[in-house]
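Here the structure comes first, spelled out in structure tokens, and everything after it is commentary.
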Amino acid sequence: MNKNSSNIMALAPNTSNKRETICIFGTGDFGRALGHKMIQSGYPVVFGSRSTQKSSLIPKDAEVLSHAEAAQKAAIIIIAIQRQHYNFLTSLAEILHGKVLVDVSNNLKINQYPESNAEYLAQLVPGAKVVKAFNTVSAWALQSGTLDASRQVFVCGDDMEAKQRVMDIVRALGLTPLDHGSLLAAQEIENYPLQLFPMWKFPILLSLCLTAFFFFYCLIRDVIYSYVYDNKDFSFFIAISIPNRICPILALILLALVYLPGVLAAIIQLYRGTKYRRFPDWLDKWMLCRKQLGLVALAFASLHVLYTLVIPIRYFVRWRMSSQIISQALNNKTEPLNNTYVWLSDSYLALGILGFFLFVLLGITSLPSVSNNVNWREFRFVQSKLGYLTLILCTAHTLVYGGNRFLSPSSYRWYLPNAYMLSLIVPCIVLVVKFVLIFPCLDKPLTRIRQGWERNPQYSE
């Protein structure tokens with residue numbers, strides 16, 4: 001018990017009641033928000049500004065002094081101003097000598113300058129210890145406390161002691177510091193907030209390409225074919241029917257693509273006999289965006305549910321049902337209840353409901369606010385075990401929907417199978433390979449490899 005307690009205390013920042021004074025140059029939105037958060041965390045804060053007149057926007061417990069006076073009161077100075085206003089710091093070089101300058105600035109575009117803002121600051125004040133931090137946290141997040149999406153703070157600097165002091169402040173604010181090494185990493189850290197959904201590019205582009213492909217595929221089969229051969233205008237299918245075919249198809253394919261890289265990784269590890277060699281770059285990138293692929297798949301599944309709910313109020317559906325009723329009345333013939341179709345219909349709906357429920361559960365557990373409250377075993381159980389169960393239910397949902405139409409010649413228009421048949425290719429491959437991998441003759445050596453055993457250690461990298 002004592003040993004564990006000492007380890008915890010060693011990892012925790014200095015939490016004594018008396019904290020060192022922090023100086024903030026700049027009274028803009030971010031400077032004020034950061035100052036307010038620091039005061040809440042027990043830090044005395046002094047602002048350095050061109051105007052020493054205190055505004056109502058400034059936290060009431062903070063002092064406002066000139067830049068020179070404020071710098072003399074603190075060993076750590078946060079530079080919360082834009083790069084183009086750094087020049088005045090050269091006149092304070094003597095006062096700033098030996099102090100820790102924390103650069104929090106960002107640019108308007110990626111690689112806007114030859115060097116990073118932090119490196120430029122270090123050139124202007126060579127006697128100071130420059131650390132890059134806090135540029136990935138927004139003023140709104142600091143003020144509202146909504147930090148789930150921006151809790152990580154990237155930190156870099158050449159002076160280890162200065163960097164550690166800044167990381168202690170980050171922890172005291174309830175944030176998570178990530179050490180990115182020397183000040184050379186500042187350019188990468190400054191570019192990070194300017195990237196537009198970097199992990200979403202592949203899932204979005206893939207979903208757009210698949211959407212375009214299946215849209216034209218269904219357009220050819222369901223609209224153009226009927227117009228050419230039956231002289232029927234079903235162009236209104238573009239509004240509801242075709243999207244309601246595309247959405248479940250993409251949801252199933254994208255869900256299968258979430259688990260396909262894991263299957264491929266297992267095959268590669270079995271082939272190599274070691275886990276200590278890097279996967280190919282394309283597989284690494286694929287595995288890193290699995291969460292985004294799953295969320296896009298959930299979005300398509302949700303659209304499918306909404307489209308399905310409006311089916312009974314569609315004019316075409318109501319017209320077709322009334323036509324069938326009138327036809328039976330005129331022919332004085334009632335179709336008997338077909339128990340086979342009843343079972344297929346109810347099973348199809350039940351599998352879809354259960355699959356969508358687990359789909360939503362997977363999406364909820366991927367949220368940072370939820371995943372942070374479960375341990376690794378629980379998270380893995382939901383994302384892996386329940387994930388494969390979701391894939392099985394959704395695949396079965398599609399198979400039952402097809403019923404005996406897979407072998408019906410009328411299902412192949414212009415020798416093209418129905419679109420949902422194509423959607424089964426990837427998930428069936430994933431499930432079959434996964435089923436093979438759980439055989440003891442493959443599962444046991446794979447488990448040993450993932451525990452560190454190597455078949456050919458001389459080939460490991």
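The way I read the labels, and the way they are meant: chains A, B, ... in the order of the structure tokens, residue 1 as the first residue of every chain, and ligand 1 as the first ligand shown, with later ones counted on from there.
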
* **For stretch 48-65 of chain A: contacts at 10 Å, only C-alpha atoms, fewer than 5 positions along chain excluded, given as a PyMOL selection string** => chain A and resi 23-29+31-33+35-37+39-40+43+70-71+73+77-79

For the interface of stretch 120-156 of chain A with stretch 96-107 of chain A (cut-off 6 Å, counting only C-alpha atoms), please tabulate each contacting residue of stretch 120-156 of chain A alongside its nearest pair of atoms and their separation in Å to one decimal, rows sorted by chain and increasing number, as CSV.
residue,atom,partner,partner_atom,distance
A:Gly127,CA,A:His97,CA,4.6
A:Ala128,CA,A:Gly98,CA,4.8
A:Lys129,CA,A:Val100,CA,4.7
A:Val130,CA,A:Leu101,CA,4.8
A:Val131,CA,A:Val102,CA,4.8
A:Lys132,CA,A:Asp103,CA,4.9
A:Ala133,CA,A:Val104,CA,5.6
A:Phe134,CA,A:Val104,CA,5.4
A:Asn135,CA,A:Val104,CA,4.6

* Closest to A:Arg314 among A:Phe236, A:Thr136, A:Tyr415, A:Cys428, using only C-alpha atoms? -> A:Phe236

* Run DSSP on the backbone and grab whatever in stretch 338-461 of chain A lands in helix (DSSP H, G or I); send it over as a VMD selection string. => chain A and resid 339 to 365 368 to 371 376 to 407 409 to 411 419 to 423 425 to 437 440 to 450 457 to 459

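Distance check against A:Leu194 using only C-alpha atoms: of A:Ile253, A:Leu219, A:Thr176, A:Gln112, the minimum falls on A:Gln112.
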